[in-house]
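S.K.: The structure that follows is given in the form of structure tokens.
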Amino acid sequence: MKDIICLVTGHLFGTEKNSFTYVTARRMRLRIRTIMPSLSGATKVINKKHMKELSDMPTLIYFWAMSCSQCEQSIEKLNNIGNIFNDRLNIQAIHMPREELDFSSELVRRKVKELGINYPIHLDNELIISDRFGNKIVPAYYLFDQQQKLRFYHAGALATKSLQGKIERII
């Protein structure tokens with residue numbers, strides 16, 4: 001099975017029960033100016049009605065996990081970014097399971113409602129999308145320009161002002 005690294009603790013979270021081990025992050029993430037990989041392959045999409053076309057506006061891809069406390073804090077900031085850039089930014093979230101409970105689409109759906117998330121959430125229970133991005137860390141941000149080329153990447157806590165500045169430069 002695949003492994004996911006939580007930036008907060010430095011733990012490796014395997015997708016099998018009780019497989020928690022300290023590790024060093026080894027990533028083969030996307031390089032700047034790489035074309036955005038496909039978001040197909042999700043086991044389910046929550047908030048599908050809020051999907052926007054990917055072709056003509058910048059896109060922010062946000063990797064998170066329901067069981068990640070730092071992710072939960074980041075979502076509030078991301079919701080604010082979504083309100084600021086409303087129709088000028090496409091936000092898509094990828095939910096990467098870290099723990100057994102993260103595989104429950106119903107629990108994720110409840111958490112999405114609780115956090116007031118209104119952008120699409122791709123449940124990546126088989127880590128297909130995560131593998132395409134080379135992403136093993138949550139939270140992680142990938143910002144793509146209008147041509148869907150990667151312009152910015154960050155893992156871990158991110159100041160809203162910093163992200164807002166990056167988006168403004170692209171828009």
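Residues in the structure tokens are numbered from 1 in each chain, the chains being A, B, ... in the order shown, and ligands are numbered from 1 in the order shown.
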Show which residues sit within 9 Å of Val112 in chain A, as a PyMOL selection string. Count only C-alpha atoms, and ignore same-chain residues fewer than 4 positions away.
M.R.: chain A and resi 46+66+107-108+116-118+121
S.K.: For Pro37 in chain A, please output as an MDAnalysis selection string all residues within 10 Å (counting only C-alpha atoms; exclusion window: fewer than 3 positions along the same chain).
M.R.: chainID A and resid 30 34 40 129:133 148:150
S.K.: Would you output that residue set with N, CA, C and O atoms, as a PDB file, in the first residue's frame?
M.R.:
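Okay, part19.pdb is ready:
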ATOM      1  N   LEU A  30       5.879  17.519  -8.334  1.00  0.00           N
ATOM      2  CA  LEU A  30       5.927  18.216  -9.617  1.00  0.00           C
ATOM      3  C   LEU A  30       6.934  19.356  -9.586  1.00  0.00           C
ATOM      4  O   LEU A  30       7.126  19.982  -8.553  1.00  0.00           O
ATOM      5  N   THR A  34       5.383  22.549 -14.680  1.00  0.00           N
ATOM      6  CA  THR A  34       4.821  21.275 -15.118  1.00  0.00           C
ATOM      7  C   THR A  34       3.315  21.451 -15.320  1.00  0.00           C
ATOM      8  O   THR A  34       2.663  22.135 -14.535  1.00  0.00           O
ATOM      9  N   SER A  40      -8.736  12.952 -12.438  1.00  0.00           N
ATOM     10  CA  SER A  40      -9.597  11.772 -12.531  1.00  0.00           C
ATOM     11  C   SER A  40      -9.047  10.669 -11.627  1.00  0.00           C
ATOM     12  O   SER A  40      -7.873  10.664 -11.284  1.00  0.00           O
ATOM     13  N   ILE A 129      -4.679  10.094  -7.562  1.00  0.00           N
ATOM     14  CA  ILE A 129      -4.382  11.501  -7.843  1.00  0.00           C
ATOM     15  C   ILE A 129      -3.100  11.914  -7.122  1.00  0.00           C
ATOM     16  O   ILE A 129      -2.230  12.567  -7.706  1.00  0.00           O
ATOM     17  N   SER A 130      -2.962  11.502  -5.889  1.00  0.00           N
ATOM     18  CA  SER A 130      -1.769  11.825  -5.100  1.00  0.00           C
ATOM     19  C   SER A 130      -0.503  11.311  -5.780  1.00  0.00           C
ATOM     20  O   SER A 130       0.518  12.002  -5.818  1.00  0.00           O
ATOM     21  N   ASP A 131      -0.573  10.118  -6.336  1.00  0.00           N
ATOM     22  CA  ASP A 131       0.573   9.551  -7.044  1.00  0.00           C
ATOM     23  C   ASP A 131       0.931  10.380  -8.273  1.00  0.00           C
ATOM     24  O   ASP A 131       2.106  10.588  -8.566  1.00  0.00           O
ATOM     25  N   ARG A 132      -0.081  10.846  -9.000  1.00  0.00           N
ATOM     26  CA  ARG A 132       0.180  11.666 -10.185  1.00  0.00           C
ATOM     27  C   ARG A 132       0.914  12.956  -9.824  1.00  0.00           C
ATOM     28  O   ARG A 132       1.745  13.431 -10.574  1.00  0.00           O
ATOM     29  N   PHE A 133       0.566  13.521  -8.682  1.00  0.00           N
ATOM     30  CA  PHE A 133       1.205  14.756  -8.224  1.00  0.00           C
ATOM     31  C   PHE A 133       2.523  14.467  -7.508  1.00  0.00           C
ATOM     32  O   PHE A 133       3.306  15.382  -7.271  1.00  0.00           O
ATOM     33  N   GLN A 148      -2.557  26.140 -16.865  1.00  0.00           N
ATOM     34  CA  GLN A 148      -2.471  24.935 -16.036  1.00  0.00           C
ATOM     35  C   GLN A 148      -1.035  24.474 -15.830  1.00  0.00           C
ATOM     36  O   GLN A 148      -0.763  23.276 -15.715  1.00  0.00           O
ATOM     37  N   LYS A 149      -0.102  25.448 -15.762  1.00  0.00           N
ATOM     38  CA  LYS A 149       1.287  25.156 -15.420  1.00  0.00           C
ATOM     39  C   LYS A 149       1.514  25.482 -13.951  1.00  0.00           C
ATOM     40  O   LYS A 149       1.054  26.515 -13.462  1.00  0.00           O
ATOM     41  N   LEU A 150       2.247  24.606 -13.262  1.00  0.00           N
ATOM     42  CA  LEU A 150       2.522  24.814 -11.845  1.00  0.00           C
ATOM     43  C   LEU A 150       3.363  26.062 -11.646  1.00  0.00           C
ATOM     44  O   LEU A 150       4.415  26.219 -12.257  1.00  0.00           O
TER      45      LEU A 150
END
S.K.: Using only C-alpha atoms, which of the listed residues (A:Ala159, A:Ala42, A:Leu115, A:Ile167) sits closest to Leu89 in chain A?
M.R.: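 Closest candidate: A:Ile167.
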S.K.: Residues within 8 Å of Ala140 in chain A, please, as a PyMOL selection string. Count only C-alpha atoms; anything in the same chain fewer than 3 positions from it doesn't count.
M.R.: chain A and resi 62-64+135+137+153-156
S.K.: Please provide the set of residues having any atom within 8 Å of Lys77 in chain A, restricted to only C-alpha atoms, with same-chain residues fewer than 4 positions apart removed, written as a ChimeraX atom specification.
M.R.: /A:73,81,160
S.K.: Record the distance separating CA of Val138 in chain A and CA of Met96 in chain A, expressed in Å with one decimal.
M.R.: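 Computing it gives 7.8 Å between the two atoms.
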S.K.: Considering only C-alpha atoms, return as JSON, numbers by chain whatever protein or nucleic-acid residues lie within 7 Å of His122 in chain A, sequence-local ones (same chain, fewer than 4 positions apart) excluded.
M.R.: {"A": [42, 44, 45, 46, 93, 94, 95]}
S.K.: Looking only at helix (DSSP H, G or I) from DSSP on the backbone, list the matching residues of range 83-167 of chain A as a ChimeraX atom specification.
M.R.: /A:83-88,100-103,105-115,128-133,160-167
S.K.: Can those selected residues be exported to a file as a compact mmCIF listing (two decimals), in the first residue's frame so that it contains C-alpha atoms?
M.R.:
# COMPACT_ATOMS: atom_id res chain seq x y z
CA ASN A 83 -14.30 34.18 -0.97
CA ILE A 84 -11.70 36.80 -1.98
CA PHE A 85 -11.05 35.34 -5.46
CA ASN A 86 -14.53 33.88 -5.94
CA ASP A 87 -14.95 33.62 -9.76
CA ARG A 88 -11.28 34.19 -10.62
CA GLU A 100 -8.59 4.20 8.91
CA LEU A 101 -11.43 6.68 9.64
CA ASP A 102 -10.28 8.86 6.72
CA PHE A 103 -11.52 6.19 4.30
CA SER A 105 -16.81 8.99 2.71
CA GLU A 106 -19.68 9.68 5.12
CA LEU A 107 -17.32 10.97 7.85
CA VAL A 108 -15.49 13.12 5.30
CA ARG A 109 -18.82 14.45 4.03
CA ARG A 110 -19.80 15.43 7.61
CA LYS A 111 -16.43 17.13 8.14
CA VAL A 112 -16.80 19.04 4.86
CA LYS A 113 -20.20 20.30 6.01
CA GLU A 114 -18.87 21.15 9.49
CA LEU A 115 -15.98 23.15 8.02
CA ILE A 128 -4.31 7.69 -7.68
CA ILE A 129 -4.38 11.50 -7.84
CA SER A 130 -1.77 11.83 -5.10
CA ASP A 131 0.57 9.55 -7.04
CA ARG A 132 0.18 11.67 -10.19
CA PHE A 133 1.21 14.76 -8.22
CA THR A 160 -3.05 33.46 3.91
CA LYS A 161 -1.29 36.69 2.85
CA SER A 162 1.52 34.72 1.20
CA LEU A 163 -0.89 32.53 -0.76
CA GLN A 164 -3.05 35.53 -1.63
CA GLY A 165 0.00 37.34 -3.02
CA LYS A 166 0.94 34.36 -5.21
CA ILE A 167 -2.61 34.14 -6.57
S.K.: How many Å lie between CA of Ile170 in chain A and CA of Leu60 in chain A, rounded to one decimal?
M.R.: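 Answer for the CA of Ile170 in chain A to CA of Leu60 in chain A separation: 11.2 Å.
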S.K.: For the strand (DSSP E) assignment from backbone DSSP, which residues of range 37-161 of chain A qualify? Please present them as a VMD selection string.
M.R.: chain A and resid 44 to 46 59 to 64 90 to 95 121 to 123 137 to 138 140 to 144 150 to 155
S.K.: Could you dump the residues just selected with C-alpha atoms as a PDB file, in the first residue's frame?
M.R.:
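What landed in again_26.pdb:
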ATOM      1  CA  LYS A  44     -15.962   9.944  -5.025  1.00  0.00           C
ATOM      2  CA  VAL A  45     -16.348  13.722  -5.432  1.00  0.00           C
ATOM      3  CA  ILE A  46     -18.117  15.767  -2.767  1.00  0.00           C
ATOM      4  CA  THR A  59      -6.393  26.509 -10.156  1.00  0.00           C
ATOM      5  CA  LEU A  60      -5.413  25.853  -6.558  1.00  0.00           C
ATOM      6  CA  ILE A  61      -5.129  22.170  -5.644  1.00  0.00           C
ATOM      7  CA  TYR A  62      -5.189  21.551  -1.902  1.00  0.00           C
ATOM      8  CA  PHE A  63      -4.215  18.163  -0.436  1.00  0.00           C
ATOM      9  CA  TRP A  64      -5.596  17.474   3.029  1.00  0.00           C
ATOM     10  CA  ASN A  90     -10.722  27.397  -9.245  1.00  0.00           C
ATOM     11  CA  ILE A  91     -10.162  25.562  -5.939  1.00  0.00           C
ATOM     12  CA  GLN A  92     -10.125  21.756  -5.906  1.00  0.00           C
ATOM     13  CA  ALA A  93      -9.320  19.751  -2.777  1.00  0.00           C
ATOM     14  CA  ILE A  94      -7.893  16.251  -2.701  1.00  0.00           C
ATOM     15  CA  HIS A  95      -8.630  14.255   0.448  1.00  0.00           C
ATOM     16  CA  ILE A 121     -13.453  17.514  -2.638  1.00  0.00           C
ATOM     17  CA  HIS A 122     -11.959  14.544  -4.511  1.00  0.00           C
ATOM     18  CA  LEU A 123     -11.746  11.507  -2.222  1.00  0.00           C
ATOM     19  CA  ILE A 137       2.381  15.346   2.531  1.00  0.00           C
ATOM     20  CA  VAL A 138      -0.691  17.028   3.991  1.00  0.00           C
ATOM     21  CA  ALA A 140      -0.013  20.750   0.528  1.00  0.00           C
ATOM     22  CA  TYR A 141      -0.837  23.522  -1.940  1.00  0.00           C
ATOM     23  CA  TYR A 142      -0.283  23.485  -5.709  1.00  0.00           C
ATOM     24  CA  LEU A 143      -1.104  26.688  -7.619  1.00  0.00           C
ATOM     25  CA  PHE A 144      -1.471  26.464 -11.401  1.00  0.00           C
ATOM     26  CA  LEU A 150       2.522  24.814 -11.845  1.00  0.00           C
ATOM     27  CA  ARG A 151       3.604  28.206 -10.528  1.00  0.00           C
ATOM     28  CA  PHE A 152       3.794  27.612  -6.761  1.00  0.00           C
ATOM     29  CA  TYR A 153       4.050  24.687  -4.339  1.00  0.00           C
ATOM     30  CA  HIS A 154       4.033  24.649  -0.545  1.00  0.00           C
ATOM     31  CA  ALA A 155       3.641  21.927   2.088  1.00  0.00           C
TER      32      ALA A 155
END
